[in-house]
Amino acid sequence: MAEFNQSRQTTIRIIIGVVFAIILVRLMTLQLFSSKYAKLASDQAILRKVVYPSRGIIFDRKGKAILDNVTMYDLMVTPSQLKGIDTFSLCRILNIDTAEFKKRVLTSIIKNSRNRPSVFEPLLSAEKYAKVNENLFRFQPAFFLQERPIRSYPFKAAAHILGYVGEVDSSMLKRSNFFYQMGDFAGRSGLENSYEKILMGQRGIQYILRDNFNRPIGAYEKGEFDTASVAGRHLNTYIDIEVQQLAEKLMQGKVGSVVAIEPKTGGIIAMTSGPTYDPNELTGSDSRKNFSRLFLDPASPLLNRGMQGVYPPGSTFKPIDAFVALDEGLITPSFGYPCFGRYNPCGRPACEHHNAGHAANLSLAIANSCNSFFADVFRKAIDNKQYGDVEAGLMKWKEYMSGFGLGHKLGIDLPGEYAGYIPDTSRYNKVFRKGGWSSCTIASLGIGQGEIQVTPLQMANAVCMIANRGFYYTPHFVKSIEGETAEDTILNKYRRKITPLHIPDTSYQAVINGMEMVVTNGTARNAKIEGFTVCAKTGTVENYFKNKKQQNHSFFVAFAPKENPRIAICVVVENAGFGATWAAPIASLLMEKFLTDSIAGVARKAEIERISNVTIVPARIRYERQKRDSISRIKDSLIRI
């Protein structure tokens, strides 16, 4: 019996020894080789808080801040710490139901895991922030408030230029090789997007120690492991915010665009797209709702028509067309055409109220916008025997158009620029078959109609090239970057002079003289500016919707002064009729504002009010709005049923 008891004691000792050894090995593993529980303990005791930097400010040419930063707050959640939270009370404060609460938590887990903080509700309104902040102790440690600098726009202008800042999505995360984190904000359009790396700054990290009740009690290790945020750098631009505001006022109630450029630098003074919107609508707690409304508006207020709207240029194209024939030696400045209201060789296009005197030479033909003259000039260029046949002639003509910046992207410092379109032989061989077309078939190109598609930006840039007598700089907004160094190469391409064609000064002088006559005694006498010589060209662009002729687009290009050009401009007002009716007076007022920093005289100020109070809605937008309203009425009827 004694031997049995002795054996049992030995067995028990062995079992206890084995268990002790297992516990000892496990403790050694946890303490010496595994960081899992140390991390969990640290996560409970230390809050890792991202410190978002202030984005860089954008200034206009006179040093005015055209956007600024204000502070709002995101409500952050860490899903793994949600146990014991009074969900119902938080839902009542945020005005959401429990189903929405669960949906947001699940989204946070999917996007950012259970253990990392995610945005539960971004950019709290002032009212919600006050309520949440007052009751935050009840929802800790799962919830905390995160400071978020957001944009504000004191001038309520230049929305399409400046762009907006929004939360990064999964595609942006991948494109940036996960440089961003979920919850980060980044420039989504405009200059905010193009200069994101300059404006964004650098995130900081703050480690905050918490007590056993998860209340913050101070910096961890006296801030030794904290990293400070670095504010973004500022941008100085060529924008004149007062000219921009005036342009937006004049385009109120209209569809179209204004683009004004400084010829000697390529700096863009103003770029307006009508309709526009207050950029403050895409900041703050209502930004998503406002974006949806703007996105669904048939008038497309989010579209930057300055560089994304494409139109036939109409008669504003005629000075450009003249350069081809002049440079090829096919005409001289004294060349005239016997216009009697019809272009006889092709039976088109017609010139209303014209006679031979209106096209006695190039300058008069430009001043009086003679269709017959420029159709004939275009045909001479296309049928130039030097190039063998009409196909070679058209391709040579297209080379000239490309030299003036048409038919391709210019490279402006905004995302989303459209290239426009200049037709070539492949287009006509496809439509008419090879050998089935001639210069008569496409004579409408000579007056800026037909298949040509240009953007207002391209036409303003082409006018810069005329004003400079042969060169231009790539149009751009940003003049300099705060603390610019040799590593900041983003602006280099905008400082290079581009001289794509070598047309003699005599040709430029002849065209410019004609553009001056447009204003002195031609089709745009209402574009005069007291004390300045304005050179311009009107355009009345044919417009069709659903194969029905609509009111023409009003087109106008100009530069001033003649001998020392400081501003070149293109104005397009859709469905507004003659170029001189609306586009010309708008351009004249804007040029005067830029050149003199004011609008002189009661009559000129009254003209601003007259233009801004007129609403012109294109047929296609009326149609889309009617269709939208009909669909809404049908939906309402079905709901009632």
# chains A, B, ... in the order shown; residues from 1 in each chain; ligands from 1

$ residues_around --residues "A:Ile599" --least-positions-apart "3" --cutoff "12 Å" --atoms "only C-alpha atoms" --output "list of chain:residue names"
A:Glu242, A:Val243, A:Leu246, A:Ile529, A:Glu530, A:Ser588, A:Leu589, A:Leu590, A:Met591, A:Glu592, A:Lys593, A:Phe594, A:Leu595, A:Thr596, A:Val602, A:Ala603, A:Arg604, A:Lys605, A:Ala606, A:Glu607, A:Ile608

$ closest_atom_pairs --of "stretch 166-194 of chain A" --to "stretch 56-69 of chain A" --cutoff "12 Å" --atoms "only C-alpha atoms" --output "tab-separated table"
residue	atom	partner	partner_atom	distance
A:Gly187	CA	A:Gly56	CA	11.6
A:Gly190	CA	A:Ile58	CA	12.0
A:Leu191	CA	A:Ile58	CA	9.0
A:Glu192	CA	A:Ile58	CA	9.4

$ residues_around --residues "stretch 576-587 of chain A" --least-positions-apart "5" --cutoff "8 Å" --atoms "only C-alpha atoms" --output "list in words"
Ala247, Leu250, Thr523, Ala524, Asn526, Ala527, Thr538, Gly539, Thr540, Gln551, Asn552, His553, Ser554, Phe555, Phe556, Val557, Ala558, Ile569, Cys570, Val571, Ile611 and Ile616 of chain A

$ write_last_selection --atoms "N, CA and C atoms" --output "PDB file, in the first residue's frame"
ATOM      1  N   ALA A 247     -16.571  87.913 -64.483  1.00  0.00           N
ATOM      2  CA  ALA A 247     -16.884  86.967 -65.555  1.00  0.00           C
ATOM      3  C   ALA A 247     -18.025  86.045 -65.140  1.00  0.00           C
ATOM      4  N   LEU A 250     -21.296  88.023 -65.263  1.00  0.00           N
ATOM      5  CA  LEU A 250     -21.775  88.258 -66.625  1.00  0.00           C
ATOM      6  C   LEU A 250     -22.317  86.980 -67.274  1.00  0.00           C
ATOM      7  N   THR A 523     -17.570  94.375 -87.438  1.00  0.00           N
ATOM      8  CA  THR A 523     -18.720  93.671 -86.852  1.00  0.00           C
ATOM      9  C   THR A 523     -18.794  93.757 -85.335  1.00  0.00           C
ATOM     10  N   ALA A 524     -17.797  94.389 -84.677  1.00  0.00           N
ATOM     11  CA  ALA A 524     -17.806  94.427 -83.201  1.00  0.00           C
ATOM     12  C   ALA A 524     -17.472  95.817 -82.689  1.00  0.00           C
ATOM     13  N   ASN A 526     -19.143  97.483 -80.715  1.00  0.00           N
ATOM     14  CA  ASN A 526     -19.535  97.593 -79.303  1.00  0.00           C
ATOM     15  C   ASN A 526     -18.476  97.012 -78.359  1.00  0.00           C
ATOM     16  N   ALA A 527     -17.328  96.601 -78.898  1.00  0.00           N
ATOM     17  CA  ALA A 527     -16.260  96.050 -78.060  1.00  0.00           C
ATOM     18  C   ALA A 527     -15.169  97.070 -77.771  1.00  0.00           C
ATOM     19  N   THR A 538     -15.398  88.465 -84.386  1.00  0.00           N
ATOM     20  CA  THR A 538     -16.687  87.903 -83.974  1.00  0.00           C
ATOM     21  C   THR A 538     -16.916  86.553 -84.641  1.00  0.00           C
ATOM     22  N   GLY A 539     -17.805  85.767 -84.054  1.00  0.00           N
ATOM     23  CA  GLY A 539     -18.193  84.497 -84.648  1.00  0.00           C
ATOM     24  C   GLY A 539     -19.644  84.198 -84.338  1.00  0.00           C
ATOM     25  N   THR A 540     -20.380  83.783 -85.364  1.00  0.00           N
ATOM     26  CA  THR A 540     -21.769  83.369 -85.195  1.00  0.00           C
ATOM     27  C   THR A 540     -21.838  81.921 -85.644  1.00  0.00           C
ATOM     28  N   GLN A 551     -30.887  78.507 -82.233  1.00  0.00           N
ATOM     29  CA  GLN A 551     -30.232  79.808 -82.190  1.00  0.00           C
ATOM     30  C   GLN A 551     -28.717  79.600 -82.205  1.00  0.00           C
ATOM     31  N   ASN A 552     -28.008  80.423 -82.959  1.00  0.00           N
ATOM     32  CA  ASN A 552     -26.556  80.277 -83.088  1.00  0.00           C
ATOM     33  C   ASN A 552     -25.833  80.541 -81.768  1.00  0.00           C
ATOM     34  N   HIS A 553     -24.610  80.008 -81.670  1.00  0.00           N
ATOM     35  CA  HIS A 553     -23.744  80.334 -80.535  1.00  0.00           C
ATOM     36  C   HIS A 553     -23.053  81.666 -80.804  1.00  0.00           C
ATOM     37  N   SER A 554     -22.929  82.476 -79.775  1.00  0.00           N
ATOM     38  CA  SER A 554     -22.245  83.768 -79.863  1.00  0.00           C
ATOM     39  C   SER A 554     -20.792  83.572 -79.456  1.00  0.00           C
ATOM     40  N   PHE A 555     -19.866  83.848 -80.403  1.00  0.00           N
ATOM     41  CA  PHE A 555     -18.429  83.603 -80.205  1.00  0.00           C
ATOM     42  C   PHE A 555     -17.674  84.916 -80.371  1.00  0.00           C
ATOM     43  N   PHE A 556     -16.616  85.104 -79.590  1.00  0.00           N
ATOM     44  CA  PHE A 556     -15.818  86.320 -79.729  1.00  0.00           C
ATOM     45  C   PHE A 556     -14.410  86.062 -79.203  1.00  0.00           C
ATOM     46  N   VAL A 557     -13.400  86.517 -79.967  1.00  0.00           N
ATOM     47  CA  VAL A 557     -12.015  86.468 -79.505  1.00  0.00           C
ATOM     48  C   VAL A 557     -11.414  87.853 -79.678  1.00  0.00           C
ATOM     49  N   ALA A 558     -10.451  88.189 -78.819  1.00  0.00           N
ATOM     50  CA  ALA A 558      -9.845  89.526 -78.896  1.00  0.00           C
ATOM     51  C   ALA A 558      -8.559  89.568 -78.087  1.00  0.00           C
ATOM     52  N   ILE A 569      -8.523  87.014 -75.012  1.00  0.00           N
ATOM     53  CA  ILE A 569      -9.749  86.472 -74.433  1.00  0.00           C
ATOM     54  C   ILE A 569     -10.590  85.746 -75.470  1.00  0.00           C
ATOM     55  N   CYS A 570     -11.296  84.723 -75.027  1.00  0.00           N
ATOM     56  CA  CYS A 570     -12.308  84.044 -75.843  1.00  0.00           C
ATOM     57  C   CYS A 570     -13.580  83.936 -75.009  1.00  0.00           C
ATOM     58  N   VAL A 571     -14.696  84.319 -75.595  1.00  0.00           N
ATOM     59  CA  VAL A 571     -15.997  84.225 -74.924  1.00  0.00           C
ATOM     60  C   VAL A 571     -16.953  83.437 -75.808  1.00  0.00           C
ATOM     61  N   ILE A 611     -26.510  92.665 -68.817  1.00  0.00           N
ATOM     62  CA  ILE A 611     -26.061  91.352 -69.291  1.00  0.00           C
ATOM     63  C   ILE A 611     -26.287  90.281 -68.228  1.00  0.00           C
ATOM     64  N   ILE A 616     -30.312  82.829 -70.770  1.00  0.00           N
ATOM     65  CA  ILE A 616     -30.399  82.171 -72.080  1.00  0.00           C
ATOM     66  C   ILE A 616     -30.178  80.673 -71.857  1.00  0.00           C
TER      67      ILE A 616
END

$ residues_around --residues "stretch 286-301 of chain A" --least-positions-apart "2" --cutoff "10 Å" --atoms "only C-alpha atoms" --output "PyMOL selection string"
chain A and resi 123-125+159-160+164+166+254-255+273-277+279-284+303-305+617-618+620-628

$ closest_residue --among "A:Gly514, A:Ala21, A:Tyr195, A:Arg148" --to "A:His234" --atoms "only C-alpha atoms"
A:Tyr195

$ closest_atom_pairs --of "stretch 505-533 of chain A" --to "stretch 308-321 of chain A" --cutoff "9 Å" --atoms "only C-alpha atoms" --output "tab-separated table"
residue	atom	partner	partner_atom	distance
A:Val511	CA	A:Pro319	CA	6.2
A:Ile512	CA	A:Pro319	CA	8.5
A:Gly514	CA	A:Pro319	CA	8.6
A:Met515	CA	A:Pro319	CA	8.1

$ atom_distance --atom1 "atom CA of A:Met72" --atom2 "atom CA of A:Glu248"
28.8 Å

$ atom_distance --atom1 "atom CA of A:Met28" --atom2 "atom CA of A:Ser80"
27.0 Å

$ select_by_dssp --residues "stretch 428-573 of chain A" --states "strand (DSSP E)" --output "PyMOL selection string"
chain A and resi 478-481+535-545+548-560+567-573

$ write_last_selection --atoms "N, CA, C and O atoms" --output "compact mmCIF listing (two decimals), in the first residue's frame"
# COMPACT_ATOMS: atom_id res chain seq x y z
N VAL A 478 -0.56 78.62 -62.32
CA VAL A 478 0.38 78.83 -61.21
C VAL A 478 1.64 79.55 -61.69
O VAL A 478 2.30 79.12 -62.63
N LYS A 479 1.94 80.64 -61.02
CA LYS A 479 3.11 81.45 -61.36
C LYS A 479 4.34 80.98 -60.59
O LYS A 479 5.43 80.88 -61.15
N SER A 480 4.18 80.68 -59.31
CA SER A 480 5.30 80.23 -58.50
C SER A 480 4.80 79.43 -57.31
O SER A 480 3.62 79.49 -56.95
N ILE A 481 5.72 78.67 -56.71
CA ILE A 481 5.43 77.83 -55.55
C ILE A 481 6.23 78.35 -54.37
O ILE A 481 7.42 78.68 -54.51
N CYS A 535 -8.11 94.52 -80.75
CA CYS A 535 -8.12 93.71 -81.97
C CYS A 535 -8.98 92.48 -81.71
O CYS A 535 -8.76 91.78 -80.71
N ALA A 536 -9.92 92.18 -82.61
CA ALA A 536 -10.91 91.15 -82.27
C ALA A 536 -11.45 90.46 -83.50
O ALA A 536 -11.15 90.83 -84.65
N LYS A 537 -12.26 89.45 -83.26
CA LYS A 537 -13.02 88.77 -84.33
C LYS A 537 -14.28 88.18 -83.73
O LYS A 537 -14.24 87.50 -82.71
N THR A 538 -15.40 88.47 -84.39
CA THR A 538 -16.69 87.90 -83.97
C THR A 538 -16.92 86.55 -84.64
O THR A 538 -16.31 86.24 -85.67
N GLY A 539 -17.81 85.77 -84.05
CA GLY A 539 -18.19 84.50 -84.65
C GLY A 539 -19.64 84.20 -84.34
O GLY A 539 -20.10 84.38 -83.20
N THR A 540 -20.38 83.78 -85.36
CA THR A 540 -21.77 83.37 -85.20
C THR A 540 -21.84 81.92 -85.64
O THR A 540 -21.81 81.63 -86.85
N VAL A 541 -21.92 81.01 -84.69
CA VAL A 541 -21.71 79.58 -84.96
C VAL A 541 -23.02 78.85 -85.10
O VAL A 541 -23.87 78.87 -84.18
N GLU A 542 -23.20 78.18 -86.25
CA GLU A 542 -24.42 77.41 -86.47
C GLU A 542 -24.54 76.30 -85.43
O GLU A 542 -23.56 75.69 -85.02
N ASN A 543 -25.79 76.06 -85.01
CA ASN A 543 -26.02 75.15 -83.90
C ASN A 543 -27.28 74.33 -84.18
O ASN A 543 -28.33 74.87 -84.51
N TYR A 544 -27.14 73.01 -84.04
CA TYR A 544 -28.27 72.10 -84.29
C TYR A 544 -28.51 71.22 -83.07
O TYR A 544 -27.57 70.83 -82.37
N PHE A 545 -29.78 70.92 -82.81
CA PHE A 545 -30.14 69.96 -81.76
C PHE A 545 -31.25 69.07 -82.29
O PHE A 545 -32.28 69.55 -82.74
N LYS A 548 -32.41 69.84 -85.76
CA LYS A 548 -33.17 71.07 -85.97
C LYS A 548 -32.27 72.26 -85.69
O LYS A 548 -31.55 72.29 -84.70
N LYS A 549 -32.34 73.23 -86.57
CA LYS A 549 -31.53 74.44 -86.42
C LYS A 549 -31.99 75.22 -85.19
O LYS A 549 -33.17 75.50 -85.02
N GLN A 550 -31.04 75.54 -84.32
CA GLN A 550 -31.33 76.31 -83.12
C GLN A 550 -30.67 77.68 -83.24
O GLN A 550 -29.97 77.97 -84.21
N GLN A 551 -30.89 78.51 -82.23
CA GLN A 551 -30.23 79.81 -82.19
C GLN A 551 -28.72 79.60 -82.20
O GLN A 551 -28.19 78.70 -81.56
N ASN A 552 -28.01 80.42 -82.96
CA ASN A 552 -26.56 80.28 -83.09
C ASN A 552 -25.83 80.54 -81.77
O ASN A 552 -26.36 81.22 -80.88
N HIS A 553 -24.61 80.01 -81.67
CA HIS A 553 -23.74 80.33 -80.54
C HIS A 553 -23.05 81.67 -80.80
O HIS A 553 -22.61 81.95 -81.92
N SER A 554 -22.93 82.48 -79.78
CA SER A 554 -22.25 83.77 -79.86
C SER A 554 -20.79 83.57 -79.46
O SER A 554 -20.49 83.17 -78.33
N PHE A 555 -19.87 83.85 -80.40
CA PHE A 555 -18.43 83.60 -80.21
C PHE A 555 -17.67 84.92 -80.37
O PHE A 555 -18.02 85.74 -81.23
N PHE A 556 -16.62 85.10 -79.59
CA PHE A 556 -15.82 86.32 -79.73
C PHE A 556 -14.41 86.06 -79.20
O PHE A 556 -14.23 85.45 -78.14
N VAL A 557 -13.40 86.52 -79.97
CA VAL A 557 -12.02 86.47 -79.50
C VAL A 557 -11.41 87.85 -79.68
O VAL A 557 -11.80 88.60 -80.58
N ALA A 558 -10.45 88.19 -78.82
CA ALA A 558 -9.84 89.53 -78.90
C ALA A 558 -8.56 89.57 -78.09
O ALA A 558 -8.30 88.69 -77.25
N PHE A 559 -7.76 90.62 -78.34
CA PHE A 559 -6.64 90.94 -77.46
C PHE A 559 -6.47 92.44 -77.43
O PHE A 559 -6.93 93.17 -78.31
N ALA A 560 -5.81 92.93 -76.37
CA ALA A 560 -5.59 94.37 -76.21
C ALA A 560 -4.45 94.58 -75.20
O ALA A 560 -4.22 93.73 -74.34
N ILE A 567 -3.75 91.18 -72.51
CA ILE A 567 -4.81 90.21 -72.28
C ILE A 567 -5.35 89.72 -73.61
O ILE A 567 -5.53 90.49 -74.55
N ALA A 568 -5.55 88.40 -73.70
CA ALA A 568 -6.23 87.78 -74.84
C ALA A 568 -7.41 87.01 -74.28
O ALA A 568 -7.33 86.42 -73.20
N ILE A 569 -8.52 87.01 -75.01
CA ILE A 569 -9.75 86.47 -74.43
C ILE A 569 -10.59 85.75 -75.47
O ILE A 569 -10.57 86.09 -76.66
N CYS A 570 -11.30 84.72 -75.03
CA CYS A 570 -12.31 84.04 -75.84
C CYS A 570 -13.58 83.94 -75.01
O CYS A 570 -13.53 83.52 -73.84
N VAL A 571 -14.70 84.32 -75.60
CA VAL A 571 -16.00 84.22 -74.92
C VAL A 571 -16.95 83.44 -75.81
O VAL A 571 -17.05 83.70 -77.01
N VAL A 572 -17.63 82.46 -75.21
CA VAL A 572 -18.65 81.68 -75.91
C VAL A 572 -19.93 81.73 -75.09
O VAL A 572 -19.91 81.44 -73.88
N VAL A 573 -21.02 82.12 -75.72
CA VAL A 573 -22.33 82.07 -75.08
C VAL A 573 -23.24 81.23 -75.97
O VAL A 573 -23.55 81.62 -77.10

$ select_by_dssp --residues "stretch 147-260 of chain A" --states "alpha helix (DSSP H)" --output "VMD selection string"
chain A and resid 159 to 162 170 to 175 190 to 194 196 to 199 241 to 250

$ closest_residue --among "A:Ile241, A:Phe335, A:Asp488, A:Glu609" --to "A:Asp597" --atoms "only C-alpha atoms"
A:Ile241

$ residues_around --residues "A:Lys380" --least-positions-apart "2" --cutoff "12 Å" --atoms "only C-alpha atoms" --output "ChimeraX atom specification"
/A:321-322,324-326,328-331,345,373-378,382-387,389-390,393-394,397,438-440,443,446

$ write_last_selection --atoms "N, CA, C and O atoms" --output "short mmCIF file (atom, residue, chain, number, x, y, z; two decimals), in the first residue's frame"
data_model
loop_
_atom_site.label_atom_id
_atom_site.label_comp_id
_atom_site.auth_asym_id
_atom_site.auth_seq_id
_atom_site.Cartn_x
_atom_site.Cartn_y
_atom_site.Cartn_z
N ASP A 321 -7.10 80.85 -90.43
CA ASP A 321 -7.14 80.27 -91.77
C ASP A 321 -6.34 81.13 -92.76
O ASP A 321 -5.68 80.61 -93.67
N ALA A 322 -6.40 82.45 -92.56
CA ALA A 322 -5.69 83.35 -93.48
C ALA A 322 -4.19 83.13 -93.44
O ALA A 322 -3.50 83.27 -94.47
N VAL A 324 -2.45 80.45 -93.28
CA VAL A 324 -1.99 79.35 -94.12
C VAL A 324 -1.71 79.84 -95.53
O VAL A 324 -0.63 79.62 -96.09
N ALA A 325 -2.73 80.53 -96.12
CA ALA A 325 -2.57 81.02 -97.49
C ALA A 325 -1.48 82.09 -97.59
O ALA A 325 -0.74 82.14 -98.58
N LEU A 326 -1.38 82.93 -96.57
CA LEU A 326 -0.32 83.95 -96.57
C LEU A 326 1.06 83.32 -96.52
O LEU A 326 1.96 83.68 -97.28
N GLU A 328 1.96 80.33 -97.34
CA GLU A 328 2.26 79.52 -98.52
C GLU A 328 2.40 80.37 -99.79
O GLU A 328 2.65 79.84 -100.87
N GLY A 329 2.21 81.68 -99.65
CA GLY A 329 2.34 82.58 -100.80
C GLY A 329 1.18 82.50 -101.77
O GLY A 329 1.30 82.91 -102.93
N LEU A 330 0.03 82.00 -101.31
CA LEU A 330 -1.13 81.85 -102.19
C LEU A 330 -1.92 83.14 -102.30
O LEU A 330 -2.66 83.35 -103.27
N ILE A 331 -1.83 84.00 -101.28
CA ILE A 331 -2.45 85.32 -101.33
C ILE A 331 -1.47 86.31 -100.72
O ILE A 331 -0.49 85.93 -100.07
N PRO A 345 -17.91 79.51 -106.95
CA PRO A 345 -17.31 78.26 -107.41
C PRO A 345 -17.93 77.01 -106.80
O PRO A 345 -18.00 75.97 -107.43
N PHE A 373 -14.85 85.15 -99.13
CA PHE A 373 -13.41 85.38 -99.18
C PHE A 373 -12.67 84.21 -98.53
O PHE A 373 -11.73 83.65 -99.12
N PHE A 374 -13.08 83.82 -97.35
CA PHE A 374 -12.32 82.80 -96.61
C PHE A 374 -12.59 81.39 -97.10
O PHE A 374 -11.73 80.52 -96.96
N ALA A 375 -13.74 81.17 -97.71
CA ALA A 375 -13.95 79.87 -98.36
C ALA A 375 -13.00 79.73 -99.55
O ALA A 375 -12.41 78.66 -99.77
N ASP A 376 -12.82 80.82 -100.28
CA ASP A 376 -11.91 80.79 -101.42
C ASP A 376 -10.46 80.64 -100.97
O ASP A 376 -9.69 79.88 -101.57
N VAL A 377 -10.10 81.35 -99.90
CA VAL A 377 -8.74 81.26 -99.36
C VAL A 377 -8.45 79.83 -98.89
O VAL A 377 -7.37 79.28 -99.13
N PHE A 378 -9.42 79.22 -98.22
CA PHE A 378 -9.25 77.84 -97.74
C PHE A 378 -9.05 76.88 -98.92
O PHE A 378 -8.16 76.02 -98.89
N ILE A 382 -5.96 74.20 -99.73
CA ILE A 382 -6.18 72.75 -99.87
C ILE A 382 -5.78 72.26 -101.26
O ILE A 382 -5.22 71.17 -101.42
N ASP A 383 -6.04 73.09 -102.28
CA ASP A 383 -5.74 72.70 -103.66
C ASP A 383 -4.33 73.11 -104.09
O ASP A 383 -4.02 73.06 -105.29
N ASN A 384 -3.50 73.49 -103.16
CA ASN A 384 -2.14 73.94 -103.46
C ASN A 384 -1.40 72.84 -104.24
O ASN A 384 -1.12 71.76 -103.72
N LYS A 385 -1.05 73.13 -105.48
CA LYS A 385 -0.42 72.13 -106.35
C LYS A 385 0.96 71.71 -105.86
O LYS A 385 1.48 70.66 -106.26
N GLN A 386 1.54 72.52 -104.99
CA GLN A 386 2.85 72.19 -104.44
C GLN A 386 2.83 70.85 -103.70
O GLN A 386 3.83 70.15 -103.62
N TYR A 387 1.63 70.48 -103.18
CA TYR A 387 1.54 69.25 -102.38
C TYR A 387 0.93 68.09 -103.16
O TYR A 387 0.71 67.02 -102.61
N ASP A 389 -1.97 66.75 -104.30
CA ASP A 389 -3.41 66.49 -104.38
C ASP A 389 -4.11 67.06 -103.15
O ASP A 389 -3.47 67.57 -102.23
N VAL A 390 -5.43 66.93 -103.13
CA VAL A 390 -6.22 67.53 -102.08
C VAL A 390 -5.94 66.89 -100.72
O VAL A 390 -5.99 67.56 -99.68
N GLY A 393 -2.79 68.37 -99.40
CA GLY A 393 -3.08 69.77 -99.05
C GLY A 393 -3.80 69.87 -97.72
O GLY A 393 -3.50 70.75 -96.89
N LEU A 394 -4.77 68.97 -97.48
CA LEU A 394 -5.51 69.00 -96.21
C LEU A 394 -4.59 68.67 -95.04
O LEU A 394 -4.68 69.29 -93.98
N TRP A 397 -2.52 71.63 -94.24
CA TRP A 397 -3.39 72.60 -93.54
C TRP A 397 -3.54 72.20 -92.07
O TRP A 397 -3.49 73.05 -91.17
N SER A 438 -13.56 66.74 -102.45
CA SER A 438 -12.65 67.77 -102.97
C SER A 438 -12.68 68.95 -102.02
O SER A 438 -13.36 68.92 -100.99
N SER A 439 -11.97 70.00 -102.37
CA SER A 439 -11.97 71.20 -101.53
C SER A 439 -13.34 71.84 -101.45
O SER A 439 -13.68 72.48 -100.45
N CYS A 440 -14.15 71.66 -102.49
CA CYS A 440 -15.52 72.18 -102.45
C CYS A 440 -16.35 71.45 -101.40
O CYS A 440 -17.19 72.05 -100.73
N ALA A 443 -15.49 72.99 -97.99
CA ALA A 443 -15.22 74.43 -97.98
C ALA A 443 -15.69 75.12 -96.71
O ALA A 443 -15.15 76.17 -96.33
N GLY A 446 -13.29 76.44 -94.02
CA GLY A 446 -12.65 77.74 -94.18
C GLY A 446 -13.31 78.84 -93.39
O GLY A 446 -12.70 79.88 -93.15
#

$ residues_around --residues "A:Thr499" --least-positions-apart "4" --cutoff "12 Å" --atoms "only C-alpha atoms" --output "MDAnalysis selection string"
chainID A and resid 402:405 462 464:466 468:474 503

$ write_last_selection --atoms "N, CA, C and O atoms" --output "compact mmCIF listing (two decimals), in the first residue's frame"
# COMPACT_ATOMS: atom_id res chain seq x y z
N SER A 402 -2.41 72.59 -86.05
CA SER A 402 -1.72 72.06 -84.87
C SER A 402 -0.72 73.08 -84.32
O SER A 402 -0.56 73.23 -83.10
N GLY A 403 -0.05 73.81 -85.24
CA GLY A 403 0.89 74.84 -84.82
C GLY A 403 0.23 75.94 -84.02
O GLY A 403 0.85 76.53 -83.13
N PHE A 404 -1.03 76.22 -84.32
CA PHE A 404 -1.79 77.22 -83.56
C PHE A 404 -2.43 76.62 -82.31
O PHE A 404 -3.22 77.30 -81.64
N GLY A 405 -2.12 75.36 -82.01
CA GLY A 405 -2.60 74.76 -80.77
C GLY A 405 -3.97 74.13 -80.87
O GLY A 405 -4.61 73.87 -79.83
N ALA A 462 -4.71 80.57 -79.21
CA ALA A 462 -4.39 80.93 -80.59
C ALA A 462 -4.33 82.44 -80.75
O ALA A 462 -3.48 82.98 -81.48
N CYS A 464 -3.44 84.47 -78.39
CA CYS A 464 -2.15 84.84 -77.78
C CYS A 464 -1.03 84.75 -78.81
O CYS A 464 -0.15 85.62 -78.87
N MET A 465 -1.07 83.70 -79.62
CA MET A 465 -0.02 83.52 -80.63
C MET A 465 -0.07 84.64 -81.67
O MET A 465 0.97 85.13 -82.11
N ILE A 466 -1.28 85.05 -82.03
CA ILE A 466 -1.41 86.17 -82.97
C ILE A 466 -0.91 87.46 -82.31
O ILE A 466 -0.16 88.24 -82.91
N ASN A 468 1.22 87.84 -79.94
CA ASN A 468 2.67 87.79 -79.76
C ASN A 468 3.43 87.73 -81.08
O ASN A 468 4.66 87.70 -81.09
N ARG A 469 2.68 87.64 -82.19
CA ARG A 469 3.25 87.55 -83.53
C ARG A 469 4.16 86.33 -83.69
O ARG A 469 5.28 86.42 -84.16
N GLY A 470 3.62 85.18 -83.24
CA GLY A 470 4.31 83.94 -83.58
C GLY A 470 4.69 83.00 -82.46
O GLY A 470 5.22 81.93 -82.74
N PHE A 471 4.42 83.33 -81.22
CA PHE A 471 4.77 82.39 -80.15
C PHE A 471 3.72 82.42 -79.05
O PHE A 471 2.90 83.35 -78.96
N TYR A 472 3.75 81.40 -78.22
CA TYR A 472 2.89 81.36 -77.04
C TYR A 472 3.56 80.54 -75.95
O TYR A 472 4.54 79.83 -76.20
N TYR A 473 3.06 80.66 -74.75
CA TYR A 473 3.47 79.80 -73.64
C TYR A 473 2.29 78.89 -73.29
O TYR A 473 1.13 79.32 -73.39
N THR A 474 2.58 77.67 -72.89
CA THR A 474 1.49 76.76 -72.52
C THR A 474 0.64 77.43 -71.45
O THR A 474 1.16 77.84 -70.41
N ILE A 503 6.02 82.20 -89.37
CA ILE A 503 5.27 83.06 -90.28
C ILE A 503 5.83 84.48 -90.16
O ILE A 503 6.06 84.96 -89.05

$ closest_residue --among "A:Leu364, A:Ile269, A:Cys339, A:Ile22" --to "A:Asp240" --atoms "only C-alpha atoms"
A:Ile269

$ atom_distance --atom1 "atom CA of A:Lys398" --atom2 "atom CA of A:Thr265"
25.9 Å

$ residues_around --residues "A:Ile442" --least-positions-apart "4" --cutoff "9 Å" --atoms "only C-alpha atoms" --output "list of chain:residue names"
A:Arg379, A:Tyr428, A:Trp437, A:Ser438, A:Gly446, A:Gly450, A:Glu451

$ closest_residue --among "A:Asp424, A:Glu262, A:Glu574, A:Asp184" --to "A:Ile452" --atoms "only C-alpha atoms"
A:Asp424
